[in-house]
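Scroll down for the structure; my scribbles are underneath it.
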Amino acid sequence: MIVIPAERQAHLDLLAGSFEQLSNQPWPVWHEPALAFLTDLGKALMKPALAAKLPDVVTLAYWLRAANLQQLKAKASADVRVGLGLVVHICPANVPVNFAFSLAFALLAGNSSVLRLSSKPSPSTDLIVQHIQQLLATPTHEALRSRLLLLRYAHDDVITAALLAQADGRMIWGGDATIAHMRQFKTPSRSREVAFADRYSLALLSPTAVLALDDAGLARLAQQLFNDVLLLDQAACSSPQLFVWLHAAADSPSLDLQSPSPQTLVSHAANPQTASEPSSAVAKAQQRLWPALAAVARDRSALSAIGQMNKWVDAFDAVLTHPEIRQVHTEHGSAAGLLTRVALARLPDAPEQLRGYFGTLIEIELPSLAPLAAVVNERYQTLCYFGVEPLQLQQWLLASQLRGIDRIVPVGNAIDMGLFWDGYDLLSSLSRVIEIR
Amino acid sequence: MLELSPSDEAPVALGMPAAHETATETASARLSPATLEAMTQWPVYQWTQAEKAAQFNPLVAQLTRWHYQACPAYRQLYDAFVGAPIATASEAEATNAHIATSAAMLDESTHVASTSAASTTTASTSIDSTSSPARFALPVRLFKLHALQSVPDSEVVKTMLSSGTGGAQSRIVLDKTTAALQTKILSRIVTDLIGKDRLPMLVLDCPATVKDRLKFSARTAGVLGFSMYGRQLCYAFHDDMSLNDQAIAEFIERFGQGPVLLFGFTYIVWLHLVLALEQRGQRLALPHGILIHGGGWKKLEHAAVSKDEFKQRLASVTGIRRVHNYYGMVEQTGTIFMECSEGHLHCPVWADIRVRDVLSQQLLSIGETGLLELTSLLPQSYPGHVLLTEDVGRVLGVDDCPCGRHGVYFAVDGRIAHAEVRGCSDSYSR
């Protein structure tokens, strides 16, 4: 049992669990009481009425449904695996619902958990916490009472250090700054870390495929992009920032599977004009797609006045700091005016420095993937694709020996959390395998 | 050592060699002294909006052209956002007559044109010298992030800083011309209200506000600026912001029977005059006082009261019945929007206001609430002639205010939610 001293308790805002009983003894992975608890939490949160108000909570509920978890369990290996013990979670503010995913991963891996929740007010967090409290109070889930502790506390290094000193594993959300801060504190020698650094994500679009869509298909694509880009105000690491339109010379976009030759790069740098002129297919595809996305944004009312203002100011700032920007399409007064589209004449050396929120689409046209391979570094996380074969992307990624890109997913799946995340196999990372022969 | 005449070689900001080059080459694009002098003579509120547009819009277009040529950053922004470059000076001269007429009508045609990606392609390669440049607004917050200027450093005579309530400060550089214009136009607006004779003036602030001129804040600027319309200045507060009873009593003794001018920032007037007098159960007798106040509520937004309550409670403790709020910002000093007897804010002839949807930036009609976009003819030294503010308001009417003033009149309803608290008076400590 882990003991939290009484004098320290006074500084902690206890949201769920109990100070008196916190276990650090492992359960097996996919342990039935953990599964049952998470499934019931999903059921409690699965309310159609919530979908419009708190879509992120519904996403969580959908992932927690029994069918999904059982399917994932069935795919798990037959190794004997147990949790590490106690996992301490430093949870993010930008994507509130991720604290619950973090908890779910640790529980499924057989761990008990202490979570430090962000102090930023969030109706999603409040709702999930409320249901966790209710479930813990039922006799059915009595076994979970000693396995999770949800806390809020003001930034306090003494408390954090004390928690991490007992952590068999730690899940650190919140990016580079948080990771650097948390690494100051001592952890047990065998303690493991899963740390989510600042990442950058992009989308790859085929203009031909966009133009080939019928109206229903276009509407569907717009909904999917809304989920990727605007559901979390584009603040999630996996929300695409850069939108790469692949030139459609033929019917299917040509993918240069080789690493870029020096000539290709030189010719791009020396002659930006050729890269800056939008091809007519791309221009047509843009004119078709972005108004459709803007219409969804308007209907799902995801935009706030301050969000828009911040976005505009950021775009003005970007123009003054990035000479690669050819044009900014704000299209005020038209339906598409809800989005800010930043057109690049050529790829900057570090595109990941260009990022926006609330519907900032940084667009570039490329004849092939080769120039992209030259800029992708370990910062790159999710590559969303539409109208491009994932197998080709896989081959390109491997052939180019890219240091980044951990996820290649179809549009609409950018922010879907899962057991594989940010390059980690989370259940493996948060459990130990017991060799028996 | 080789010496260069300073007038020949003005220092050029590093990384901005084009500024010097283009400024020299196209110096003729500046609004001429004659044009500016004529402009300062315009009647403050007499012209109808249509009459004003015929004079005003061509000058806005000319200012846009000037800043486009003189400020590389502005040019970069204009090209990126409007999508249609403006003709260079020599090309513009050739078509000047044409522009002067077509510019009289304000339109959004450039925005419409840029919605078509295909047409943008052609527009960005050919120079559009025939149509008037778009009235292209910079977000006012941009002046906190970047130093934007259209004159070389050698011509800068004064740098104004906004209050740094939210951290960064706006930095506005003034040359001689712009500084003089600001003084002249503010004077036209104020004297239109209170008359040309200087009145005895009670400054609703403390002497410390103007003592340290090196720390030139918006509050200092406001007090100094308005002090020019008063005589026998008396500061109503001690430096700790408590009422200077003796000074006030002497002021009332000497001037209380006649018209007097009072000036102060809204939240200071409220907190240190109205509430302070109420608390002490004290009353002043200033039945002929004219109060001009502005600057909003700042950090006291939670304690803000309605216009009517402000006036009523002020009247009951001071006897002042003539109260004029004004709206304005350090980024467009000089062209302030004065409240009339009907309680409406009025555009002076040198400024214009438009309202845009907070989400889509679409231009809105009379009565619709949105972001205020301010246009002023005064900024010559920095490209701040058209600014998108973070203030929300609505146009109440055009040419038909019962007070008799022509032009646009409007109301300010506040700031967009969660906007960084920004204003033009000092960060405040009690």
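Naming scheme: A, B, ... for chains in displayed order of the structure tokens; residues 1 onward per chain; ligands 1 onward as shown.
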Requested in this report: Please return as a PyMOL selection string: the residues of region 200-387 of chain B that backbone DSSP assigns to helix (DSSP H, G or I).
Outcome: chain B and resi 208-211+218-227+245-255+266-280+298-303+307-318+330-332
Requested in this report: For region 398-414 of chain B, please output as an MDAnalysis selection string all residues within 9 Å (counting only C-alpha atoms; exclusion window: fewer than 6 positions along the same chain).
Outcome: chainID B and resid 44:50 52 296 327 337 340:349 352:353 366:367 369 372 390:392
Requested in this report: Quick one: everything within 10 Å of Gly295 (chain B), counting only C-alpha atoms, minus sequence neighbours fewer than 3 positions away in the same chain. Send it as a PyMOL selection string.
Outcome: chain B and resi 218-219+222+264-268+298+325-329+423-425
How would the residues just chosen look if you wrote them out with C-alpha atoms as a compact mmCIF listing (two decimals), in the first residue's frame?
```
# COMPACT_ATOMS: atom_id res chain seq x y z
CA ALA B 218 -1.48 56.37 -22.49
CA ARG B 219 -2.69 57.82 -19.21
CA GLY B 222 -4.44 61.47 -22.19
CA GLY B 264 -10.17 61.64 -16.31
CA PHE B 265 -10.12 57.96 -17.09
CA THR B 266 -13.47 56.26 -16.63
CA TYR B 267 -12.47 53.80 -13.93
CA ILE B 268 -10.51 56.44 -12.05
CA LYS B 298 -9.73 48.15 -17.38
CA ASN B 325 -17.43 59.53 -22.75
CA TYR B 326 -15.04 59.02 -25.62
CA TYR B 327 -13.78 55.91 -27.36
CA GLY B 328 -10.33 55.71 -28.85
CA MET B 329 -7.06 53.90 -28.73
CA GLY B 423 -6.47 49.30 -22.70
CA CYS B 424 -4.86 52.63 -22.83
CA SER B 425 -4.18 53.42 -19.21
```
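Every residue of region 298-330 of chain B with a DSSP assignment of strand (DSSP E or B), taken from the backbone, is listed as Arg322, Val323, His324, Asn325, Tyr326 and Tyr327 of chain B.
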Query raised in the report: Which residues come within 10 Å of Ala106 (chain A), counting only C-alpha atoms, excluding same-chain residues fewer than 4 positions away, as a list of chain:residue names?
Result: A:Val29, A:Ala34, A:Gly83, A:Leu84, A:Gly85, A:Leu86, A:Val87, A:Val88, A:His89, A:Ala100, A:Phe101, A:Ser102, A:Gly110, A:Asn111, A:Ser112, A:Ser113, A:Leu148, A:Gly169, A:Arg170, A:Met171, A:Leu426, A:Leu427, A:Ser429, A:Leu430, A:Ser431
What would the file look like if the residues just selected were written as a compact mmCIF listing (two decimals), in the first residue's frame with N, CA, C and O atoms?
```txt
# COMPACT_ATOMS: atom_id res chain seq x y z
N VAL A 29 -2.55 -8.09 -17.06
CA VAL A 29 -3.13 -7.24 -18.11
C VAL A 29 -4.51 -7.79 -18.46
O VAL A 29 -4.79 -8.96 -18.29
N ALA A 34 -10.93 -4.70 -14.08
CA ALA A 34 -10.57 -3.46 -14.77
C ALA A 34 -11.41 -3.28 -16.02
O ALA A 34 -11.95 -2.19 -16.29
N GLY A 83 0.96 -5.72 -14.55
CA GLY A 83 1.27 -4.29 -14.50
C GLY A 83 2.59 -4.01 -13.82
O GLY A 83 3.18 -4.90 -13.19
N LEU A 84 3.06 -2.77 -13.94
CA LEU A 84 4.31 -2.38 -13.30
C LEU A 84 4.09 -2.16 -11.82
O LEU A 84 5.00 -2.36 -11.01
N GLY A 85 2.89 -1.74 -11.45
CA GLY A 85 2.57 -1.38 -10.07
C GLY A 85 1.78 -0.10 -10.07
O GLY A 85 0.67 -0.04 -10.60
N LEU A 86 2.40 0.96 -9.55
CA LEU A 86 1.73 2.26 -9.51
C LEU A 86 2.21 3.13 -10.67
O LEU A 86 3.40 3.32 -10.87
N VAL A 87 1.25 3.65 -11.41
CA VAL A 87 1.58 4.59 -12.49
C VAL A 87 1.09 5.99 -12.09
O VAL A 87 -0.05 6.16 -11.68
N VAL A 88 1.98 6.97 -12.20
CA VAL A 88 1.62 8.35 -11.92
C VAL A 88 1.41 9.07 -13.25
O VAL A 88 2.25 8.98 -14.15
N HIS A 89 0.25 9.72 -13.37
CA HIS A 89 -0.09 10.38 -14.63
C HIS A 89 -0.07 11.89 -14.45
O HIS A 89 -0.73 12.42 -13.55
N ALA A 100 -8.70 10.37 -19.05
CA ALA A 100 -9.46 9.13 -18.93
C ALA A 100 -8.84 8.02 -19.79
O ALA A 100 -8.81 6.86 -19.39
N PHE A 101 -8.35 8.39 -20.97
CA PHE A 101 -7.64 7.40 -21.78
C PHE A 101 -6.39 6.92 -21.05
O PHE A 101 -6.09 5.74 -21.01
N SER A 102 -5.69 7.86 -20.46
CA SER A 102 -4.46 7.54 -19.75
C SER A 102 -4.75 6.54 -18.63
O SER A 102 -4.06 5.54 -18.45
N GLY A 110 -2.79 -3.38 -16.03
CA GLY A 110 -2.67 -4.03 -14.73
C GLY A 110 -2.11 -3.14 -13.63
O GLY A 110 -1.65 -3.63 -12.61
N ASN A 111 -2.15 -1.82 -13.86
CA ASN A 111 -1.57 -0.91 -12.87
C ASN A 111 -2.64 -0.23 -12.03
O ASN A 111 -3.79 -0.10 -12.44
N SER A 112 -2.22 0.26 -10.87
CA SER A 112 -3.02 1.25 -10.15
C SER A 112 -2.48 2.61 -10.57
O SER A 112 -1.37 2.71 -11.11
N SER A 113 -3.27 3.65 -10.33
CA SER A 113 -2.93 4.95 -10.91
C SER A 113 -3.19 6.11 -9.96
O SER A 113 -4.21 6.14 -9.28
N LEU A 148 -7.19 3.57 -8.01
CA LEU A 148 -7.08 4.86 -8.70
C LEU A 148 -7.35 6.02 -7.75
O LEU A 148 -8.17 5.93 -6.84
N GLY A 169 5.77 3.54 -12.87
CA GLY A 169 5.69 4.03 -14.24
C GLY A 169 5.09 5.42 -14.20
O GLY A 169 4.44 5.80 -13.23
N ARG A 170 5.40 6.22 -15.22
CA ARG A 170 4.79 7.54 -15.28
C ARG A 170 4.37 7.86 -16.69
O ARG A 170 5.06 7.54 -17.66
N MET A 171 3.20 8.44 -16.79
CA MET A 171 2.64 8.87 -18.07
C MET A 171 2.68 10.39 -18.05
O MET A 171 1.96 11.01 -17.25
N LEU A 426 1.31 0.90 -25.79
CA LEU A 426 1.14 1.34 -24.40
C LEU A 426 1.02 0.19 -23.42
O LEU A 426 1.54 0.24 -22.32
N LEU A 427 0.31 -0.89 -23.82
CA LEU A 427 0.17 -1.99 -22.87
C LEU A 427 1.51 -2.65 -22.59
O LEU A 427 1.79 -3.07 -21.47
N SER A 429 4.42 -1.05 -22.81
CA SER A 429 5.22 -0.08 -22.06
C SER A 429 4.84 -0.03 -20.60
O SER A 429 5.68 0.24 -19.74
N LEU A 430 3.57 -0.29 -20.30
CA LEU A 430 3.08 -0.15 -18.93
C LEU A 430 2.93 -1.50 -18.21
O LEU A 430 2.29 -1.58 -17.18
N SER A 431 3.51 -2.55 -18.79
CA SER A 431 3.43 -3.86 -18.11
C SER A 431 4.79 -4.55 -18.23
O SER A 431 5.65 -4.12 -18.99
```
Using only C-alpha atoms, tabulate the residues of region 271-356 of chain A lying at most 8 Å from any atom of region 65-83 of chain B, each with its closest atom pair and that distance in Å to one decimal, by chain and increasing residue number, as a Markdown table.
```
| residue | atom | partner | partner_atom | distance |
| --- | --- | --- | --- | --- |
| A:Phe316 | CA | B:Leu77 | CA | 6.8 |
| A:Val319 | CA | B:Leu77 | CA | 6.4 |
| A:Leu320 | CA | B:Ala73 | CA | 6.5 |
| A:Ile325 | CA | B:Ala80 | CA | 7.4 |
| A:Arg326 | CA | B:Ala80 | CA | 6.0 |
| A:Gln327 | CA | B:Ala80 | CA | 4.0 |
| A:Val328 | CA | B:Phe81 | CA | 5.0 |
| A:His329 | CA | B:Phe81 | CA | 6.4 |
| A:Thr330 | CA | B:Phe81 | CA | 7.2 |
```
Can I get the selection written as a tab-separated table (two decimals), in the first residue's frame, with all heavy atoms?
```tsv
chain	number	residue	atom	x	y	z
A	316	PHE	N	-1.34	36.70	-39.39
A	316	PHE	CA	-0.60	37.93	-39.72
A	316	PHE	C	0.84	37.78	-39.24
A	316	PHE	O	1.79	38.14	-39.94
A	316	PHE	CB	-1.26	39.16	-39.06
A	316	PHE	CG	-2.39	39.73	-39.86
A	316	PHE	CD1	-3.64	39.15	-39.86
A	316	PHE	CD2	-2.19	40.86	-40.65
A	316	PHE	CE1	-4.69	39.68	-40.61
A	316	PHE	CE2	-3.23	41.40	-41.41
A	316	PHE	CZ	-4.48	40.81	-41.38
A	319	VAL	N	2.87	35.49	-41.53
A	319	VAL	CA	3.31	36.10	-42.79
A	319	VAL	C	4.59	36.91	-42.58
A	319	VAL	O	5.49	36.91	-43.42
A	319	VAL	CB	2.19	37.00	-43.37
A	319	VAL	CG1	2.72	37.89	-44.50
A	319	VAL	CG2	1.03	36.14	-43.87
A	320	LEU	N	4.67	37.59	-41.44
A	320	LEU	CA	5.84	38.42	-41.19
A	320	LEU	C	7.05	37.60	-40.75
A	320	LEU	O	8.17	38.10	-40.75
A	320	LEU	CB	5.52	39.48	-40.13
A	320	LEU	CG	4.51	40.55	-40.58
A	320	LEU	CD1	4.27	41.56	-39.47
A	320	LEU	CD2	4.98	41.26	-41.84
A	325	ILE	N	5.40	31.97	-47.10
A	325	ILE	CA	3.94	32.10	-47.27
A	325	ILE	C	3.65	32.94	-48.51
A	325	ILE	O	4.10	34.08	-48.63
A	325	ILE	CB	3.30	32.73	-46.01
A	325	ILE	CG1	3.46	31.77	-44.84
A	325	ILE	CG2	1.83	33.04	-46.27
A	325	ILE	CD1	2.98	32.33	-43.51
A	326	ARG	N	2.90	32.34	-49.42
A	326	ARG	CA	2.57	33.03	-50.66
A	326	ARG	C	1.30	33.84	-50.49
A	326	ARG	O	1.18	34.97	-50.94
A	326	ARG	CB	2.37	32.00	-51.79
A	326	ARG	CG	1.92	32.59	-53.12
A	326	ARG	CD	1.97	31.54	-54.23
A	326	ARG	NE	1.22	30.33	-53.91
A	326	ARG	CZ	-0.08	30.20	-54.07
A	326	ARG	NH1	-0.81	31.19	-54.53
A	326	ARG	NH2	-0.68	29.06	-53.76
A	327	GLN	N	0.33	33.25	-49.84
A	327	GLN	CA	-0.94	33.94	-49.69
A	327	GLN	C	-1.72	33.39	-48.51
A	327	GLN	O	-1.56	32.23	-48.13
A	327	GLN	CB	-1.77	33.76	-50.96
A	327	GLN	CG	-2.83	34.84	-51.07
A	327	GLN	CD	-3.58	34.80	-52.38
A	327	GLN	OE1	-3.22	34.06	-53.29
A	327	GLN	NE2	-4.62	35.60	-52.47
A	328	VAL	N	-2.55	34.24	-47.93
A	328	VAL	CA	-3.46	33.80	-46.88
A	328	VAL	C	-4.88	34.02	-47.39
A	328	VAL	O	-5.25	35.14	-47.75
A	328	VAL	CB	-3.25	34.57	-45.57
A	328	VAL	CG1	-4.22	34.07	-44.50
A	328	VAL	CG2	-1.81	34.41	-45.09
A	329	HIS	N	-5.63	32.95	-47.48
A	329	HIS	CA	-7.01	33.07	-47.93
A	329	HIS	C	-7.91	33.16	-46.70
A	329	HIS	O	-8.06	32.18	-45.98
A	329	HIS	CB	-7.44	31.83	-48.73
A	329	HIS	CG	-6.61	31.60	-49.96
A	329	HIS	ND1	-6.98	32.07	-51.19
A	329	HIS	CD2	-5.46	30.93	-50.14
A	329	HIS	CE1	-6.06	31.71	-52.08
A	329	HIS	NE2	-5.13	31.02	-51.46
A	330	THR	N	-8.46	34.32	-46.47
A	330	THR	CA	-9.39	34.43	-45.35
A	330	THR	C	-10.81	34.41	-45.87
A	330	THR	O	-11.71	33.92	-45.19
A	330	THR	CB	-9.14	35.71	-44.54
A	330	THR	OG1	-9.00	36.79	-45.46
A	330	THR	CG2	-7.88	35.59	-43.73
```
Query - Exercise: Lys47 (chain A) partners within 12 Å, only C-alpha atoms, chain neighbours under 3 positions left out, as a list in words - result: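 Counting only C-alpha atoms, the residues come to Leu41, Gly42, Lys43, Ala44, Leu50, Ala51, Ala52, Lys53, Leu54, Pro55, Val57, Val58, Thr59, Leu60, Ala61, Tyr62 and Leu127 of chain A.
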Query raised in the report: How far is it from CA of Leu233 (chain B) to CA of Val317 (chain B), in Å with one decimal?
Result: 21.2 Å
**Report entry** Surrounding residues of region 196-206 of chain A excluding itself and chain neighbours under 4 positions, 7 Å, only C-alpha atoms, as a PyMOL selection string
**Finding:** chain A and resi 172-176+210+237-246+253+352+379-388
Can you spit out the residues from that selection as a PDB file, in the first residue's frame, using N, CA and C atoms?
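Below is the file that was written, selection-v9.pdb:
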```pdb
ATOM      1  N   ILE A 172       3.489  10.978 -18.891  1.00  0.00           N
ATOM      2  CA  ILE A 172       3.630  12.437 -18.862  1.00  0.00           C
ATOM      3  C   ILE A 172       3.067  13.047 -20.145  1.00  0.00           C
ATOM      4  N   TRP A 173       1.969  13.733 -19.968  1.00  0.00           N
ATOM      5  CA  TRP A 173       1.368  14.475 -21.070  1.00  0.00           C
ATOM      6  C   TRP A 173       1.800  15.922 -20.926  1.00  0.00           C
ATOM      7  N   GLY A 174       1.481  16.728 -21.923  1.00  0.00           N
ATOM      8  CA  GLY A 174       1.734  18.160 -21.750  1.00  0.00           C
ATOM      9  C   GLY A 174       2.967  18.668 -22.472  1.00  0.00           C
ATOM     10  N   GLY A 175       3.657  17.800 -23.194  1.00  0.00           N
ATOM     11  CA  GLY A 175       4.691  18.299 -24.089  1.00  0.00           C
ATOM     12  C   GLY A 175       6.063  18.471 -23.467  1.00  0.00           C
ATOM     13  N   ASP A 176       6.946  19.046 -24.258  1.00  0.00           N
ATOM     14  CA  ASP A 176       8.374  19.141 -23.917  1.00  0.00           C
ATOM     15  C   ASP A 176       8.626  19.783 -22.554  1.00  0.00           C
ATOM     16  N   VAL A 210     -10.437  14.048 -54.278  1.00  0.00           N
ATOM     17  CA  VAL A 210     -11.431  15.003 -53.779  1.00  0.00           C
ATOM     18  C   VAL A 210     -12.410  15.360 -54.890  1.00  0.00           C
ATOM     19  N   CYS A 237      -1.859  17.276 -30.569  1.00  0.00           N
ATOM     20  CA  CYS A 237      -0.640  17.036 -31.346  1.00  0.00           C
ATOM     21  C   CYS A 237      -0.932  16.306 -32.643  1.00  0.00           C
ATOM     22  N   SER A 238      -2.003  15.509 -32.626  1.00  0.00           N
ATOM     23  CA  SER A 238      -2.283  14.678 -33.791  1.00  0.00           C
ATOM     24  C   SER A 238      -3.203  15.366 -34.801  1.00  0.00           C
ATOM     25  N   SER A 239      -3.694  16.559 -34.460  1.00  0.00           N
ATOM     26  CA  SER A 239      -4.497  17.307 -35.432  1.00  0.00           C
ATOM     27  C   SER A 239      -3.591  17.826 -36.533  1.00  0.00           C
ATOM     28  N   PRO A 240      -3.946  17.587 -37.780  1.00  0.00           N
ATOM     29  CA  PRO A 240      -3.063  18.040 -38.855  1.00  0.00           C
ATOM     30  C   PRO A 240      -2.940  19.558 -38.900  1.00  0.00           C
ATOM     31  N   GLN A 241      -1.723  20.006 -39.137  1.00  0.00           N
ATOM     32  CA  GLN A 241      -1.429  21.426 -39.316  1.00  0.00           C
ATOM     33  C   GLN A 241      -1.132  21.708 -40.786  1.00  0.00           C
ATOM     34  N   LEU A 242      -0.285  20.861 -41.345  1.00  0.00           N
ATOM     35  CA  LEU A 242       0.149  21.044 -42.723  1.00  0.00           C
ATOM     36  C   LEU A 242      -0.694  20.142 -43.633  1.00  0.00           C
ATOM     37  N   PHE A 243      -1.240  20.740 -44.669  1.00  0.00           N
ATOM     38  CA  PHE A 243      -2.030  19.976 -45.637  1.00  0.00           C
ATOM     39  C   PHE A 243      -1.278  19.929 -46.955  1.00  0.00           C
ATOM     40  N   VAL A 244      -0.830  18.746 -47.290  1.00  0.00           N
ATOM     41  CA  VAL A 244      -0.034  18.585 -48.503  1.00  0.00           C
ATOM     42  C   VAL A 244      -0.934  18.062 -49.616  1.00  0.00           C
ATOM     43  N   TRP A 245      -1.033  18.844 -50.663  1.00  0.00           N
ATOM     44  CA  TRP A 245      -1.770  18.401 -51.842  1.00  0.00           C
ATOM     45  C   TRP A 245      -0.764  17.791 -52.808  1.00  0.00           C
ATOM     46  N   LEU A 246      -0.999  16.528 -53.127  1.00  0.00           N
ATOM     47  CA  LEU A 246      -0.098  15.880 -54.071  1.00  0.00           C
ATOM     48  C   LEU A 246      -0.575  16.167 -55.481  1.00  0.00           C
ATOM     49  N   PRO A 253      -1.960   9.719 -57.859  1.00  0.00           N
ATOM     50  CA  PRO A 253      -0.801  10.545 -57.554  1.00  0.00           C
ATOM     51  C   PRO A 253       0.475   9.717 -57.569  1.00  0.00           C
ATOM     52  N   GLU A 352       7.336  22.531 -39.128  1.00  0.00           N
ATOM     53  CA  GLU A 352       6.673  22.321 -37.838  1.00  0.00           C
ATOM     54  C   GLU A 352       6.646  23.584 -36.982  1.00  0.00           C
ATOM     55  N   ARG A 379       9.870  15.094 -34.720  1.00  0.00           N
ATOM     56  CA  ARG A 379       8.716  15.838 -34.223  1.00  0.00           C
ATOM     57  C   ARG A 379       7.408  15.381 -34.865  1.00  0.00           C
ATOM     58  N   TYR A 380       7.502  14.752 -36.002  1.00  0.00           N
ATOM     59  CA  TYR A 380       6.285  14.437 -36.771  1.00  0.00           C
ATOM     60  C   TYR A 380       5.600  13.212 -36.210  1.00  0.00           C
ATOM     61  N   GLN A 381       4.291  13.320 -36.003  1.00  0.00           N
ATOM     62  CA  GLN A 381       3.574  12.212 -35.398  1.00  0.00           C
ATOM     63  C   GLN A 381       2.598  11.547 -36.345  1.00  0.00           C
ATOM     64  N   THR A 382       1.512  12.243 -36.689  1.00  0.00           N
ATOM     65  CA  THR A 382       0.436  11.596 -37.435  1.00  0.00           C
ATOM     66  C   THR A 382       0.407  12.083 -38.876  1.00  0.00           C
ATOM     67  N   LEU A 383       0.311  11.138 -39.769  1.00  0.00           N
ATOM     68  CA  LEU A 383       0.110  11.464 -41.173  1.00  0.00           C
ATOM     69  C   LEU A 383      -1.283  10.964 -41.553  1.00  0.00           C
ATOM     70  N   CYS A 384      -2.188  11.898 -41.799  1.00  0.00           N
ATOM     71  CA  CYS A 384      -3.535  11.531 -42.258  1.00  0.00           C
ATOM     72  C   CYS A 384      -3.530  11.511 -43.775  1.00  0.00           C
ATOM     73  N   TYR A 385      -4.261  10.608 -44.341  1.00  0.00           N
ATOM     74  CA  TYR A 385      -4.267  10.575 -45.798  1.00  0.00           C
ATOM     75  C   TYR A 385      -5.684  10.482 -46.338  1.00  0.00           C
ATOM     76  N   PHE A 386      -5.869  11.053 -47.509  1.00  0.00           N
ATOM     77  CA  PHE A 386      -7.112  10.864 -48.245  1.00  0.00           C
ATOM     78  C   PHE A 386      -6.777  10.699 -49.724  1.00  0.00           C
ATOM     79  N   GLY A 387      -7.239   9.590 -50.291  1.00  0.00           N
ATOM     80  CA  GLY A 387      -7.014   9.339 -51.707  1.00  0.00           C
ATOM     81  C   GLY A 387      -5.611   8.856 -52.020  1.00  0.00           C
ATOM     82  N   VAL A 388      -4.907   8.423 -50.993  1.00  0.00           N
ATOM     83  CA  VAL A 388      -3.552   7.912 -51.189  1.00  0.00           C
ATOM     84  C   VAL A 388      -3.492   6.527 -50.558  1.00  0.00           C
TER      85      VAL A 388
END
```
Near-Ile320 (chain B) list (9 Å; only C-alpha atoms; drop same-chain fewer than 6 positions) as a PDB file with N, CA and C atoms, in the first residue's frame:
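Below is the file that was written, out.pdb:
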```
ATOM      1  N   ALA B 285     -19.836  71.031  -5.628  1.00  0.00           N
ATOM      2  CA  ALA B 285     -20.785  71.849  -6.391  1.00  0.00           C
ATOM      3  C   ALA B 285     -20.133  72.312  -7.685  1.00  0.00           C
ATOM      4  N   LEU B 286     -20.338  71.538  -8.743  1.00  0.00           N
ATOM      5  CA  LEU B 286     -19.801  71.894 -10.050  1.00  0.00           C
ATOM      6  C   LEU B 286     -20.931  71.869 -11.085  1.00  0.00           C
ATOM      7  N   PRO B 287     -21.957  72.695 -10.891  1.00  0.00           N
ATOM      8  CA  PRO B 287     -23.161  72.602 -11.738  1.00  0.00           C
ATOM      9  C   PRO B 287     -22.875  72.909 -13.209  1.00  0.00           C
ATOM     10  N   HIS B 288     -21.779  73.634 -13.484  1.00  0.00           N
ATOM     11  CA  HIS B 288     -21.478  73.951 -14.884  1.00  0.00           C
ATOM     12  C   HIS B 288     -20.294  73.154 -15.418  1.00  0.00           C
ATOM     13  N   GLY B 289     -19.969  72.073 -14.725  1.00  0.00           N
ATOM     14  CA  GLY B 289     -18.829  71.263 -15.138  1.00  0.00           C
ATOM     15  C   GLY B 289     -19.126  70.435 -16.385  1.00  0.00           C
ATOM     16  N   ILE B 290     -18.085  70.267 -17.207  1.00  0.00           N
ATOM     17  CA  ILE B 290     -18.181  69.362 -18.363  1.00  0.00           C
ATOM     18  C   ILE B 290     -17.134  68.279 -18.144  1.00  0.00           C
ATOM     19  N   LEU B 291     -17.591  67.050 -18.015  1.00  0.00           N
ATOM     20  CA  LEU B 291     -16.636  65.951 -17.812  1.00  0.00           C
ATOM     21  C   LEU B 291     -16.405  65.209 -19.122  1.00  0.00           C
ATOM     22  N   LYS B 311     -23.687  58.297 -14.920  1.00  0.00           N
ATOM     23  CA  LYS B 311     -24.046  59.716 -15.026  1.00  0.00           C
ATOM     24  C   LYS B 311     -24.885  60.170 -13.832  1.00  0.00           C
ATOM     25  N   LEU B 314     -22.764  60.246 -10.646  1.00  0.00           N
ATOM     26  CA  LEU B 314     -21.797  61.339 -10.744  1.00  0.00           C
ATOM     27  C   LEU B 314     -22.495  62.669 -10.479  1.00  0.00           C
TER      28      LEU B 314
END
```
Requested in this report: Using only C-alpha atoms, find the one residue out of B:Gly195, B:Ala208, B:Ile252, B:Gly393 that sits nearest to Tyr229 (chain B).
Outcome: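 Among the listed residues, B:Gly195 lies closest to Tyr229 (chain B).
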**Report entry** Atomic distance CA of Met309 (chain A) - CA of Ala137 (chain B), expressed in Å with one decimal
**Finding:**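 Going from CA of Met309 (chain A) over to CA of Ala137 (chain B) covers 12.7 Å.
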Requested in this report: May I ask which of the residues B:Ile86, B:Ala276, B:Ala236, B:Leu138 is the closest one to chain A, counting only C-alpha atoms?
Outcome: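 That would be B:Leu138, the residue with the smallest distance to chain A.
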Report task. To one decimal in Å, tell me the separation between CA of Thr177 (chain B) and CA of Ala351 (chain B). Result ->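 Result for CA of Thr177 (chain B) versus CA of Ala351 (chain B): 17.3 Å, one decimal.
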